[in-house]
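This report refers to the structure that appears directly beneath it.
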Amino acid sequence: MKVSQAINQRMSVRAFTDQPVPVETVKAVLEKAARSPSGSNLQPWRMVILSPEKLADLNSLMKERLAGVANPGGDAQEYNIHPENLKEPYRTSRYEVGEDMYALLGISRDEKPKRREWFANNFRFFGAPAAIFCFVDRIMGPPQWSDLGMYLQSVMLLFQEEGIDTCPQECWAMYPKTIHQFCEMDDELMLFCGMAIGYKDKDHPVNKLRTKRLDSKEWLKVL
């Protein structure tokens with residue numbers, strides 16, 4: 001598979017089959033991705049793979065959380081997933097993808113309970129059989145956070161090479177304390193995101209979503 005093919009095929013899958021992904025396969029991909037660039041070779045990513053047993057435990061825990069058994073609205077967030085007061089064109093891009101997704105699901109804007117119910121799928125990794133979390137040392141700054149992005153992109157493209165789909169999930173930043181404790185991480189490490197890993201359910205309407213990209217004239221300048 002060419003890199004260009006992997007980039008074009010990669011998508012955020014939001015409905016998975018139950019076909020298993022071996023922990024050994026996930027580990028091999030994460031290790032290959034460690035050749036990703038990082039400033040001064042700091043390699044700031046700290047990764048956790050959930051075994052099938054631990055994934056089941058977390059799904060059960062999050063079911064309780066969302067049902068109102070302790071902090072149902074989430075923990076105190078340690079970073080904002082989106083900047084406050086988004087301006088254009090960022091605001092339109094954000095809301096457009098949500099409306100396109102709910103349209104495919106047949107959920108209208110005024111069906112708030114159904115929208116909340118669907119959003120809760122984030123916290124069971126959309127039914128994926130495998131999952132990872134990415135942490136970063138609290139002393140790291142924006143340059144190292146960009147290193148995380150490069151590493152995670154490598155991870156997703158390598159999974160594409162394996163015929164395996166993914167969904168990166170910053171939504172887990174809503175439950176940093178819960179995940180930090182569940183993964184038994186050192187205090188100096190902060191949760192960045194999770195990622196669902198598995199095989200796309202090709203029959204589910206949500207996976208027909210093809211997110212739009214701005215025309216390059218909106219973001220590209222040639223001098």
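Ordering of the structure tokens sets the chain letters (A, B, ...), residue numbers begin anew at 1 in every chain, and ligands are numbered from 1 in the order given.
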
Near stretch 164-173 of chain A, within 6 Å and counting only C-alpha atoms, which residues show up once chain neighbours fewer than 2 positions away are dropped, as a short mmCIF file (atom, residue, chain, number, x, y, z; two decimals) with C-alpha atoms, in the first residue's frame?
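File result02.cif, as written:
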```
data_model
loop_
_atom_site.label_atom_id
_atom_site.label_comp_id
_atom_site.auth_asym_id
_atom_site.auth_seq_id
_atom_site.Cartn_x
_atom_site.Cartn_y
_atom_site.Cartn_z
CA SER A 12 -12.50 8.00 11.85
CA VAL A 13 -14.53 4.81 12.10
CA PHE A 159 -2.93 0.17 10.94
CA GLN A 160 -4.27 0.98 7.48
CA GLU A 162 -2.54 -3.91 8.20
CA TYR A 175 -12.43 11.85 31.94
CA PRO A 176 -8.69 12.39 32.60
CA CYS A 193 -6.33 10.99 23.89
CA GLY A 194 -7.59 7.48 23.25
CA MET A 195 -7.91 5.53 20.03
CA ALA A 196 -10.40 2.85 18.98
CA ILE A 197 -8.91 0.04 16.88
CA GLY A 198 -10.66 -2.67 14.89
CA TYR A 199 -12.47 -3.50 11.67
#
```

What residues in stretch 3-200 of chain A get the DSSP label strand (DSSP E)? Please answer as a list in words. Arg46, Met47, Val48, Ile49, Leu50, Ala130, Ala131, Ile132, Phe133, Cys134, Phe135, Val136, Asp137, Asp165, Thr166, Cys167, Pro168, Gln169, Leu189, Met190, Leu191, Phe192, Cys193, Gly194, Met195, Ala196, Ile197 and Gly198 of chain A

Per DSSP on the backbone, what are the alpha helix (DSSP H) residues of stretch 65-130 of chain A, as number ranges by chain? A: 65-66, 90-105, 112-119

At a cut-off of 12 Å, using only C-alpha atoms, what residues contact A:Trp118? Leave out same-chain residues fewer than 2 positions from it and give the result as a ChimeraX atom specification. /A:14-15,98,101-102,105-107,111-116,120-126,206

Pick from A:Leu86, A:Met185, A:Val136, A:Leu214 nearest to A:Gln43, counting only C-alpha atoms: A:Val136

So, counting only C-alpha atoms, which residue among A:Glu53, A:Glu24, A:Asp18, A:Asp75 is closest to A:Lys177?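 Of the candidates, the smallest distance to A:Lys177 is held by A:Asp75.
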
Counting only C-alpha atoms, the option among A:Arg35, A:Lys200, A:Lys27, A:Arg213 closest to A:Tyr151: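 Using only C-alpha atoms, A:Tyr151 sits closest to A:Arg35.
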
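From atom CA of A:Ala131 back to atom CA of A:Thr178, the distance works out to 15.8 Å.
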
Give me, as a ChimeraX atom specification, all polymer residues having an atom no more than 8 Å from A:Ser51, counting only C-alpha atoms and skipping those fewer than 2 positions away in the same chain. /A:23,49,53-55,130
